[in-house]
>>> print(open('work.cif').read())   # mmCIF, C-alpha atoms
data_coords
loop_
_atom_site.group_PDB
_atom_site.id
_atom_site.type_symbol
_atom_site.label_atom_id
_atom_site.label_comp_id
_atom_site.auth_asym_id
_atom_site.auth_seq_id
_atom_site.Cartn_x
_atom_site.Cartn_y
_atom_site.Cartn_z
ATOM 1 C CA MET L 1 129.906 117.630 98.348
ATOM 2 C CA ASN L 2 133.137 117.649 100.356
ATOM 3 C CA ASN L 3 133.437 117.543 104.137
ATOM 4 C CA ASP L 4 134.439 121.223 104.364
ATOM 5 C CA LYS L 5 131.232 122.225 102.613
ATOM 6 C CA ILE L 6 129.161 120.059 104.979
ATOM 7 C CA LYS L 7 130.856 121.634 107.992
ATOM 8 C CA ASN L 8 130.232 125.148 106.664
ATOM 9 C CA ASP L 9 126.517 124.362 106.310
ATOM 10 C CA LYS L 10 126.167 123.763 110.042
ATOM 11 C CA LYS L 11 124.154 126.338 111.937
ATOM 12 C CA ARG L 12 126.029 128.356 114.552
ATOM 13 C CA VAL L 13 124.561 128.372 118.053
ATOM 14 C CA THR L 14 125.946 130.684 120.737
ATOM 15 C CA VAL L 15 125.016 129.990 124.357
ATOM 16 C CA LEU L 16 125.197 133.026 126.652
ATOM 17 C CA LEU L 17 125.658 132.348 130.365
ATOM 18 C CA SER L 18 125.961 134.868 133.195
ATOM 19 C CA SER L 19 127.757 133.498 136.252
ATOM 20 C CA PHE L 20 127.865 134.725 139.834
ATOM 21 C CA ASN L 21 129.227 132.651 142.730
ATOM 22 C CA GLY L 22 128.161 129.517 140.895
ATOM 23 C CA GLU L 23 130.887 127.082 141.940
ATOM 24 C CA LYS L 24 128.427 124.527 143.313
ATOM 25 C CA TYR L 25 126.472 123.799 140.137
ATOM 26 C CA ILE L 26 128.097 125.476 137.129
ATOM 27 C CA SER L 27 130.221 122.506 136.016
ATOM 28 C CA GLU L 28 127.162 120.290 135.803
ATOM 29 C CA GLN L 29 125.368 122.867 133.696
ATOM 30 C CA LEU L 30 128.324 123.447 131.374
ATOM 31 C CA ASP L 31 128.697 119.711 130.824
ATOM 32 C CA SER L 32 125.021 119.397 129.921
ATOM 33 C CA ILE L 33 125.428 122.170 127.336
ATOM 34 C CA LEU L 34 128.577 120.619 125.893
ATOM 35 C CA ASN L 35 126.793 117.253 125.622
ATOM 36 C CA GLN L 36 124.003 118.568 123.399
ATOM 37 C CA HIS L 37 123.020 116.365 120.474
ATOM 38 C CA GLY L 38 122.577 117.788 116.996
ATOM 39 C CA ASN L 39 124.265 118.948 113.816
ATOM 40 C CA PHE L 40 125.370 122.479 114.727
ATOM 41 C CA ASP L 41 128.480 124.382 115.772
ATOM 42 C CA LEU L 42 128.288 125.293 119.444
ATOM 43 C CA LYS L 43 129.966 128.231 121.163
ATOM 44 C CA ILE L 44 129.629 129.063 124.875
ATOM 45 C CA ILE L 45 130.352 132.574 126.130
ATOM 46 C CA VAL L 46 130.241 133.372 129.845
ATOM 47 C CA ARG L 47 130.249 136.765 131.511
ATOM 48 C CA ASP L 48 131.133 136.571 135.197
ATOM 49 C CA ASP L 49 129.255 139.152 137.236
ATOM 50 C CA GLY L 50 131.736 139.518 140.094
ATOM 51 C CA SER L 51 132.093 136.038 141.595
ATOM 52 C CA GLU L 52 134.063 135.730 144.819
ATOM 53 C CA ASP L 53 134.134 131.930 145.038
ATOM 54 C CA ARG L 54 135.834 129.383 142.721
ATOM 55 C CA THR L 55 133.613 130.140 139.718
ATOM 56 C CA ARG L 56 136.352 131.901 137.752
ATOM 57 C CA GLN L 57 138.851 129.109 138.379
ATOM 58 C CA ILE L 58 136.300 126.607 137.092
ATOM 59 C CA LEU L 59 135.723 128.738 133.994
ATOM 60 C CA ASP L 60 139.479 128.900 133.428
ATOM 61 C CA GLU L 61 139.622 125.100 133.415
ATOM 62 C CA TYR L 62 136.955 124.884 130.719
ATOM 63 C CA LYS L 63 138.570 127.676 128.723
ATOM 64 C CA LYS L 64 141.945 125.924 128.879
ATOM 65 C CA ASP L 65 140.313 122.924 127.216
ATOM 66 C CA ASN L 66 138.808 125.209 124.526
ATOM 67 C CA LYS L 67 135.282 124.457 125.720
ATOM 68 C CA LEU L 68 134.211 128.068 126.238
ATOM 69 C CA ASP L 69 135.231 131.720 126.341
ATOM 70 C CA TRP L 70 134.597 133.872 129.369
ATOM 71 C CA TYR L 71 135.239 137.427 130.478
ATOM 72 C CA THR L 72 134.432 139.959 133.161
ATOM 73 C CA ASP L 73 134.286 143.716 132.835
ATOM 74 C CA GLY L 74 134.872 144.481 136.466
ATOM 75 C CA GLU L 75 131.482 145.276 137.927
ATOM 76 C CA ASN L 76 128.450 143.523 139.332
ATOM 77 C CA VAL L 77 125.392 144.651 137.388
ATOM 78 C CA GLY L 78 122.842 141.932 138.145
ATOM 79 C CA ALA L 79 121.362 139.230 135.947
ATOM 80 C CA ALA L 80 119.311 141.368 133.542
ATOM 81 C CA LYS L 81 122.107 143.753 132.570
ATOM 82 C CA SER L 82 124.706 140.989 132.547
ATOM 83 C CA PHE L 83 122.720 138.960 130.017
ATOM 84 C CA MET L 84 122.110 142.049 127.890
ATOM 85 C CA ARG L 85 125.840 142.788 127.841
ATOM 86 C CA LEU L 86 126.431 139.217 126.719
ATOM 87 C CA LEU L 87 123.891 139.607 123.936
ATOM 88 C CA TYR L 88 125.225 142.943 122.660
ATOM 89 C CA ASN L 89 128.788 141.580 122.631
ATOM 90 C CA ALA L 90 127.926 138.195 121.117
ATOM 91 C CA PRO L 91 129.441 137.126 117.783
ATOM 92 C CA ILE L 92 127.203 136.691 114.753
ATOM 93 C CA SER L 93 125.389 133.359 114.963
ATOM 94 C CA ASP L 94 122.316 131.740 113.488
ATOM 95 C CA TYR L 95 120.790 131.136 116.903
ATOM 96 C CA TYR L 96 121.396 132.300 120.471
ATOM 97 C CA ALA L 97 120.407 130.784 123.809
ATOM 98 C CA PHE L 98 120.417 132.041 127.380
ATOM 99 C CA ALA L 99 121.624 129.692 130.110
ATOM 100 C CA ASP L 100 121.482 129.940 133.889
ATOM 101 C CA GLN L 101 124.453 128.594 135.825
ATOM 102 C CA ASP L 102 122.573 126.147 138.036
ATOM 103 C CA ASP L 103 120.232 124.277 135.680
ATOM 104 C CA VAL L 104 120.838 121.127 133.654
ATOM 105 C CA TRP L 105 119.831 120.859 130.007
ATOM 106 C CA ARG L 106 118.364 117.771 128.385
ATOM 107 C CA GLU L 107 120.497 116.609 125.481
ATOM 108 C CA ASN L 108 117.986 117.682 122.805
ATOM 109 C CA LYS L 109 117.261 121.174 124.128
ATOM 110 C CA ILE L 110 119.035 123.047 121.348
ATOM 111 C CA SER L 111 118.115 120.733 118.481
ATOM 112 C CA GLU L 112 114.387 120.756 119.279
ATOM 113 C CA SER L 113 114.262 124.531 119.559
ATOM 114 C CA ILE L 114 116.191 125.317 116.386
ATOM 115 C CA ARG L 115 114.035 122.803 114.507
ATOM 116 C CA VAL L 116 111.068 125.041 115.297
ATOM 117 C CA LEU L 117 112.978 128.289 114.755
ATOM 118 C CA ALA L 118 114.002 127.151 111.283
ATOM 119 C CA GLY L 119 110.390 127.658 110.220
ATOM 120 C CA ILE L 120 110.303 131.305 111.336
ATOM 121 C CA THR L 121 111.539 133.725 108.681
ATOM 122 C CA GLY L 122 111.125 136.936 110.680
ATOM 123 C CA TYR L 123 111.932 137.735 114.294
ATOM 124 C CA GLY L 124 111.604 134.513 116.241
ATOM 125 C CA ALA L 125 112.077 132.900 119.634
ATOM 126 C CA VAL L 126 111.213 129.619 121.312
ATOM 127 C CA TYR L 127 110.673 128.951 124.991
ATOM 128 C CA THR L 128 109.810 125.664 126.637
ATOM 129 C CA ASN L 129 108.526 123.928 129.706
ATOM 130 C CA ALA L 130 110.951 122.650 132.341
ATOM 131 C CA TYR L 131 111.023 119.953 135.005
ATOM 132 C CA LEU L 132 111.276 121.224 138.574
ATOM 133 C CA VAL L 133 113.976 119.464 140.600
ATOM 134 C CA ASP L 134 115.576 119.997 143.997
ATOM 135 C CA SER L 135 119.185 121.009 144.601
ATOM 136 C CA ASN L 136 120.318 117.412 143.996
ATOM 137 C CA LEU L 137 118.310 117.063 140.766
ATOM 138 C CA ASN L 138 115.686 114.867 142.426
ATOM 139 C CA SER L 139 112.333 115.259 140.726
ATOM 140 C CA LEU L 140 109.688 117.411 142.410
ATOM 141 C CA ASN L 141 107.105 115.638 140.231
ATOM 142 C CA CYS L 142 105.921 118.727 138.451
ATOM 143 C CA LYS L 143 106.670 121.096 135.607
ATOM 144 C CA VAL L 144 106.823 124.880 135.528
ATOM 145 C CA PHE L 145 103.764 125.165 133.276
ATOM 146 C CA THR L 146 100.753 122.932 133.804
ATOM 147 C CA ASP L 147 98.864 124.071 130.712
ATOM 148 C CA LYS L 148 99.623 125.228 127.195
ATOM 149 C CA GLN L 149 101.019 128.733 126.828
ATOM 150 C CA LYS L 150 100.353 131.301 124.131
ATOM 151 C CA MET L 151 102.257 134.562 123.819
ATOM 152 C CA THR L 152 100.440 137.722 122.786
ATOM 153 C CA VAL L 153 101.667 141.287 122.411
ATOM 154 C CA LEU L 154 99.858 142.409 125.564
ATOM 155 C CA LYS L 155 101.100 139.462 127.591
ATOM 156 C CA SER L 156 104.689 139.974 126.449
ATOM 157 C CA LEU L 157 104.567 143.574 127.644
ATOM 158 C CA SER L 158 102.784 143.088 130.950
ATOM 159 C CA SER L 159 102.771 139.590 132.384
ATOM 160 C CA CYS L 160 105.331 137.672 130.352
ATOM 161 C CA ASN L 161 106.194 134.322 131.920
ATOM 162 C CA ALA L 162 108.594 132.949 129.313
ATOM 163 C CA MET L 163 111.669 131.692 131.152
ATOM 164 C CA GLY L 164 114.862 133.079 129.674
ATOM 165 C CA CYS L 165 116.800 129.980 130.683
ATOM 166 C CA THR L 166 114.670 127.962 128.241
ATOM 167 C CA MET L 167 114.767 130.482 125.387
ATOM 168 C CA ILE L 168 116.514 130.222 122.040
ATOM 169 C CA PHE L 169 116.088 132.950 119.419
ATOM 170 C CA ASN L 170 117.206 133.707 115.888
ATOM 171 C CA ASP L 171 119.678 136.229 114.517
ATOM 172 C CA ASN L 172 116.920 138.349 112.984
ATOM 173 C CA LEU L 173 115.675 139.113 116.485
ATOM 174 C CA VAL L 174 119.157 139.761 117.859
ATOM 175 C CA GLN L 175 119.989 142.210 115.082
ATOM 176 C CA LEU L 176 116.689 143.980 115.758
ATOM 177 C CA ILE L 177 117.558 144.259 119.460
ATOM 178 C CA LYS L 178 121.035 145.586 118.646
ATOM 179 C CA SER L 179 119.659 148.234 116.292
ATOM 180 C CA ARG L 180 119.041 150.372 119.364
ATOM 181 C CA PRO L 181 121.420 151.153 122.256
ATOM 182 C CA MET L 182 121.498 148.770 125.186
ATOM 183 C CA PRO L 183 118.446 149.485 127.376
ATOM 184 C CA ASN L 184 118.799 150.864 130.897
ATOM 185 C CA ASN L 185 115.371 150.203 132.409
ATOM 186 C CA ILE L 186 114.194 146.640 131.880
ATOM 187 C CA MET L 187 112.444 144.232 134.215
ATOM 188 C CA MET L 188 114.457 141.247 133.043
ATOM 189 C CA HIS L 189 116.373 140.413 129.874
ATOM 190 C CA ASP L 190 113.889 137.744 128.781
ATOM 191 C CA ARG L 191 110.831 139.933 129.301
ATOM 192 C CA PHE L 192 112.431 142.764 127.333
ATOM 193 C CA ILE L 193 113.356 140.528 124.405
ATOM 194 C CA CYS L 194 109.889 138.970 124.293
ATOM 195 C CA GLY L 195 108.321 142.424 124.381
ATOM 196 C CA VAL L 196 110.427 143.698 121.492
ATOM 197 C CA CYS L 197 109.846 140.545 119.453
ATOM 198 C CA MET L 198 106.058 140.547 119.764
ATOM 199 C CA SER L 199 105.660 144.331 119.458
ATOM 200 C CA CYS L 200 107.632 144.312 116.208
ATOM 201 C CA GLY L 201 105.544 141.579 114.615
ATOM 202 C CA GLY L 202 107.712 138.616 115.549
ATOM 203 C CA GLU L 203 106.714 135.135 116.619
ATOM 204 C CA ILE L 204 107.336 133.378 119.928
ATOM 205 C CA VAL L 205 106.589 129.655 120.030
ATOM 206 C CA TYR L 206 106.039 127.629 123.196
ATOM 207 C CA LEU L 207 107.119 123.964 123.388
ATOM 208 C CA ASP L 208 105.329 122.045 126.134
ATOM 209 C CA GLU L 209 107.917 119.267 126.243
ATOM 210 C CA PRO L 210 110.453 120.152 128.994
ATOM 211 C CA THR L 211 113.971 120.708 127.662
ATOM 212 C CA MET L 212 115.769 121.234 130.967
ATOM 213 C CA PHE L 213 115.790 120.598 134.702
ATOM 214 C CA TYR L 214 115.076 123.794 136.645
ATOM 215 C CA ARG L 215 116.885 123.508 139.949
ATOM 216 C CA GLN L 216 115.178 124.886 143.074
ATOM 217 C CA HIS L 217 117.550 125.919 145.850
ATOM 218 C CA SER L 218 118.097 128.666 148.395
ATOM 219 C CA ASN L 219 120.176 130.854 146.052
ATOM 220 C CA ASN L 220 117.713 130.961 143.158
ATOM 221 C CA VAL L 221 117.088 134.482 141.918
ATOM 222 C CA GLN L 222 113.582 133.399 140.964
ATOM 223 C CA GLY L 223 112.196 130.026 141.908
ATOM 224 C CA TYR L 224 108.942 128.117 141.557
ATOM 225 C CA ALA L 225 108.063 126.716 144.954
ATOM 226 C CA THR L 226 105.752 123.710 144.889
ATOM 227 C CA ASP L 227 104.578 123.660 148.509
ATOM 228 C CA LYS L 228 103.519 127.213 149.304
ATOM 229 C CA SER L 229 100.700 127.586 151.813
ATOM 230 C CA ILE L 230 97.876 130.013 151.167
ATOM 231 C CA LEU L 231 99.498 132.394 153.642
ATOM 232 C CA GLY L 232 102.816 132.019 151.827
ATOM 233 C CA LYS L 233 101.221 132.890 148.501
ATOM 234 C CA VAL L 234 99.540 135.949 150.015
ATOM 235 C CA ARG L 235 102.829 137.104 151.524
ATOM 236 C CA GLU L 236 104.560 136.655 148.166
ATOM 237 C CA LYS L 237 102.008 138.897 146.456
ATOM 238 C CA ILE L 238 102.285 141.524 149.198
ATOM 239 C CA ASP L 239 106.074 141.477 148.881
ATOM 240 C CA TYR L 240 105.746 141.984 145.127
ATOM 241 C CA VAL L 241 103.493 145.017 145.510
ATOM 242 C CA THR L 242 105.536 146.621 148.299
ATOM 243 C CA GLN L 243 108.991 146.336 146.732
ATOM 244 C CA LYS L 244 110.562 149.759 147.117
ATOM 245 C CA ARG L 245 112.346 149.903 143.781
ATOM 246 C CA ARG L 246 112.116 147.754 140.725
ATOM 247 C CA VAL L 247 111.610 148.501 137.063
ATOM 248 C CA GLN L 248 107.902 148.499 136.199
ATOM 249 C CA ILE L 249 106.140 147.635 132.967
ATOM 250 C CA ASP L 250 105.697 151.246 131.860
ATOM 251 C CA GLU L 251 109.420 151.957 132.203
ATOM 252 C CA GLN L 252 110.266 148.873 130.161
ATOM 253 C CA ALA L 253 107.589 149.772 127.592
ATOM 254 C CA LYS L 254 109.329 153.119 127.081
ATOM 255 C CA GLU L 255 112.514 151.220 126.224
ATOM 256 C CA ILE L 256 110.564 149.032 123.799
ATOM 257 C CA TYR L 257 108.961 152.152 122.288
ATOM 258 C CA LYS L 258 112.399 153.002 120.875
ATOM 259 C CA TYR L 259 111.723 150.243 118.303
ATOM 260 C CA ARG L 260 108.500 151.956 117.143
ATOM 261 C CA ASN L 261 109.695 152.218 113.538
ATOM 262 C CA TYR L 262 109.403 148.421 113.340
ATOM 263 C CA MET L 263 105.872 148.260 114.796
ATOM 264 C CA GLY L 264 102.493 148.144 113.167
ATOM 265 C CA LYS L 265 99.849 150.652 114.250
ATOM 266 C CA GLN L 266 97.933 148.287 116.542
ATOM 267 C CA ASN L 267 101.025 147.035 118.376
ATOM 268 C CA LEU L 268 102.338 150.582 118.735
ATOM 269 C CA GLN L 269 99.079 151.586 120.417
ATOM 270 C CA ILE L 270 99.444 148.733 122.924
ATOM 271 C CA VAL L 271 103.015 149.768 123.745
ATOM 272 C CA GLU L 272 101.908 153.390 124.191
ATOM 273 C CA LYS L 273 99.011 152.356 126.435
ATOM 274 C CA ILE L 274 101.335 150.459 128.774
ATOM 275 C CA ALA L 275 103.995 153.175 128.706
ATOM 276 C CA GLU L 276 101.396 155.725 129.843
ATOM 277 C CA TYR L 277 99.305 153.567 132.184
ATOM 278 C CA ARG L 278 100.468 155.177 135.450
ATOM 279 C CA LYS L 279 99.786 158.752 134.308
ATOM 280 C CA ASN L 280 96.199 158.727 135.550
ATOM 281 C CA PHE L 281 93.619 156.395 137.061
ATOM 282 C CA GLY L 282 91.614 156.218 133.852
ATOM 283 C CA ASN L 283 94.596 154.711 132.046
ATOM 284 C CA ARG L 284 94.946 152.135 134.825
ATOM 285 C CA ILE L 285 91.297 151.129 134.589
ATOM 286 C CA ARG L 286 91.519 150.671 130.818
ATOM 287 C CA LEU L 287 94.671 148.543 131.056
ATOM 288 C CA ALA L 288 93.303 146.423 133.912
ATOM 289 C CA SER L 289 90.171 145.787 131.867
ATOM 290 C CA ASP L 290 92.211 144.793 128.819
ATOM 291 C CA LEU L 291 94.348 142.389 130.834
ATOM 292 C CA ILE L 292 91.336 140.542 132.213
ATOM 293 C CA ARG L 293 89.332 140.656 128.957
ATOM 294 C CA LEU L 294 92.138 139.286 126.830
ATOM 295 C CA GLY L 295 93.008 136.608 129.378
ATOM 296 C CA ILE L 296 96.746 137.203 129.361
ATOM 297 C CA SER L 297 97.213 134.961 132.388
ATOM 298 C CA LYS L 298 96.809 131.191 132.311
ATOM 299 C CA ASN L 299 97.015 130.891 136.090
ATOM 300 C CA GLY L 300 93.314 131.221 136.767
ATOM 301 C CA THR L 301 90.854 133.961 137.614
ATOM 302 C CA LYS L 302 92.435 134.714 141.009
ATOM 303 C CA HIS L 303 95.748 135.562 139.400
ATOM 304 C CA GLU L 304 94.061 137.700 136.763
ATOM 305 C CA ILE L 305 92.307 139.651 139.507
ATOM 306 C CA PHE L 306 95.636 140.125 141.290
ATOM 307 C CA ILE L 307 97.224 141.449 138.085
ATOM 308 C CA ALA L 308 94.325 143.856 137.606
ATOM 309 C CA VAL L 309 94.568 145.075 141.207
ATOM 310 C CA ILE L 310 98.285 145.857 141.015
ATOM 311 C CA VAL L 311 97.696 147.654 137.712
ATOM 312 C CA LEU L 312 95.076 149.807 139.433
ATOM 313 C CA LEU L 313 97.604 150.481 142.190
ATOM 314 C CA GLY L 314 100.209 151.416 139.586
ATOM 315 C CA LYS L 315 102.541 148.709 140.887
ATOM 316 C CA LEU L 316 102.950 146.324 137.935
#
>>> encode(input="work.cif", output="structure tokens")
Amino acid sequence: MNNDKIKNDKKRVTVLLSSFNGEKYISEQLDSILNQHGNFDLKIIVRDDGSEDRTRQILDEYKKDNKLDWYTDGENVGAAKSFMRLLYNAPISDYYAFADQDDVWRENKISESIRVLAGITGYGAVYTNAYLVDSNLNSLNCKVFTDKQKMTVLKSLSSCNAMGCTMIFNDNLVQLIKSRPMPNNIMMHDRFICGVCMSCGGEIVYLDEPTMFYRQHSNNVQGYATDKSILGKVREKIDYVTQKRRVQIDEQAKEIYKYRNYMGKQNLQIVEKIAEYRKNFGNRIRLASDLIRLGISKNGTKHEIFIAVIVLLGKL
């Protein structure tokens, strides 16, 4: 077999990164992606979501060295929509990965995930654990997940905790996503993709070995604080419930319902139940009961009770 044939047999991996005022950390993240180990062809595509610092100049430097492609389409749309635009505009690849601008990947992140994905013939995704570090990458001596995770259809639609920045997924799943127009009402890009995957009979695998360093700093869109007081945790839950406007699970479920032709009867019923849960109090009671009974949360009974309460309030 000649060298050209060997090269053509390499799997194509496209990393999708949304940037916004990321000058402080983005170079470190890009370098960690470029330094990945493994036998695959790597492509990095960045969409800038309206940066006003030096982020675009930094991206130009990497592009000049043929290390990535980047673009902007002139408007700030937020992380969820920015990542979805990246996905819908991505070139055909064997595998795709989301990347946040301020993390650092371990050198085997891609290779370990695609090793697992290679065994999934249908719609498939992998997400992993991550080490928590401070803004200077000093260890906080903990990981995001302290116990093993298992994704179910109900969990993916209601209380999905898979971190998009750790996710890698196959082309089967991407083509499924693209078979419908880009969604308008989603909670986050990762939660939407997990919901579609599981509802349509796909498989999402969790790897407990951390594949990246998840940086905690003041500009995080969503962080995992390690030193919250009881009062702080209570305030966080109150803030969640009292947010004036955010996409809720029923709105996202209605977007996922557009893929109903790919769903089995049981999964379709779950999607419909969540899409209709705020219509009356009886629906809320049934969903709250299901969430507790099926144990979608691995964070303990207190968290499960909190989830049930906000379902009853129609605030999930």
>>> resolve_selection(input="work.cif", expression="the PyMOL selection byres ((chain L and resi 255) around 12)", output="mmCIF file with C-alpha atoms, keeping the file's coordinate frame")
data_model
loop_
_atom_site.group_PDB
_atom_site.id
_atom_site.type_symbol
_atom_site.label_atom_id
_atom_site.label_comp_id
_atom_site.auth_asym_id
_atom_site.auth_seq_id
_atom_site.Cartn_x
_atom_site.Cartn_y
_atom_site.Cartn_z
ATOM 1 C CA LEU L 157 104.567 143.574 127.644
ATOM 2 C CA ILE L 177 117.558 144.259 119.460
ATOM 3 C CA ARG L 180 119.041 150.372 119.364
ATOM 4 C CA PRO L 181 121.420 151.153 122.256
ATOM 5 C CA MET L 182 121.498 148.770 125.186
ATOM 6 C CA PRO L 183 118.446 149.485 127.376
ATOM 7 C CA ASN L 184 118.799 150.864 130.897
ATOM 8 C CA ASN L 185 115.371 150.203 132.409
ATOM 9 C CA ILE L 186 114.194 146.640 131.880
ATOM 10 C CA MET L 187 112.444 144.232 134.215
ATOM 11 C CA ARG L 191 110.831 139.933 129.301
ATOM 12 C CA PHE L 192 112.431 142.764 127.333
ATOM 13 C CA ILE L 193 113.356 140.528 124.405
ATOM 14 C CA GLY L 195 108.321 142.424 124.381
ATOM 15 C CA VAL L 196 110.427 143.698 121.492
ATOM 16 C CA SER L 199 105.660 144.331 119.458
ATOM 17 C CA VAL L 247 111.610 148.501 137.063
ATOM 18 C CA GLN L 248 107.902 148.499 136.199
ATOM 19 C CA ILE L 249 106.140 147.635 132.967
ATOM 20 C CA ASP L 250 105.697 151.246 131.860
ATOM 21 C CA GLU L 251 109.420 151.957 132.203
ATOM 22 C CA GLN L 252 110.266 148.873 130.161
ATOM 23 C CA ALA L 253 107.589 149.772 127.592
ATOM 24 C CA LYS L 254 109.329 153.119 127.081
ATOM 25 C CA ILE L 256 110.564 149.032 123.799
ATOM 26 C CA TYR L 257 108.961 152.152 122.288
ATOM 27 C CA LYS L 258 112.399 153.002 120.875
ATOM 28 C CA TYR L 259 111.723 150.243 118.303
ATOM 29 C CA ARG L 260 108.500 151.956 117.143
ATOM 30 C CA VAL L 271 103.015 149.768 123.745
ATOM 31 C CA GLU L 272 101.908 153.390 124.191
ATOM 32 C CA ILE L 274 101.335 150.459 128.774
ATOM 33 C CA ALA L 275 103.995 153.175 128.706
#
>>> resolve_selection(input="work.cif", expression="the PyMOL selection byres ((chain L and resi 80) around 8)", output="VMD selection string")
chain L and resid 77 to 79 81 to 84 186 to 189
>>> write_last_selection(input="work.cif", atoms="C-alpha atoms", output="PDB file, in the frame of the given file")
ATOM      1  CA  VAL L  77     125.392 144.651 137.388  1.00  0.00           C
ATOM      2  CA  GLY L  78     122.842 141.932 138.145  1.00  0.00           C
ATOM      3  CA  ALA L  79     121.362 139.230 135.947  1.00  0.00           C
ATOM      4  CA  LYS L  81     122.107 143.753 132.570  1.00  0.00           C
ATOM      5  CA  SER L  82     124.706 140.989 132.547  1.00  0.00           C
ATOM      6  CA  PHE L  83     122.720 138.960 130.017  1.00  0.00           C
ATOM      7  CA  MET L  84     122.110 142.049 127.890  1.00  0.00           C
ATOM      8  CA  ILE L 186     114.194 146.640 131.880  1.00  0.00           C
ATOM      9  CA  MET L 187     112.444 144.232 134.215  1.00  0.00           C
ATOM     10  CA  MET L 188     114.457 141.247 133.043  1.00  0.00           C
ATOM     11  CA  HIS L 189     116.373 140.413 129.874  1.00  0.00           C
TER      12      HIS L 189
END
>>> closest_atom_pairs(input="work.cif", of="segment 133-231 of chain L", to="segment 114-117 of chain L", cutoff="9 Å", atoms="all atoms listed in the file", output="CSV")
residue,atom,partner,partner_atom,distance
L:Ile168,CA,L:Ile114,CA,7.5
L:Phe169,CA,L:Leu117,CA,7.3
L:Asn170,CA,L:Leu117,CA,7.0
L:Val205,CA,L:Val116,CA,8.0
>>> residues_around(input="work.cif", residues="segment 48-59 of chain L", least_positions_apart="2", cutoff="12 Å", atoms="all atoms listed in the file", output="VMD selection string")
chain L and resid 16 to 31 44 to 46 61 to 83 85 to 86 100 to 102
>>> residues_around(input="work.cif", residues="Asp208 of chain L", least_positions_apart="2", cutoff="7 Å", atoms="all atoms listed in the file", output="ChimeraX atom specification")
/L:128-129,148,206,210
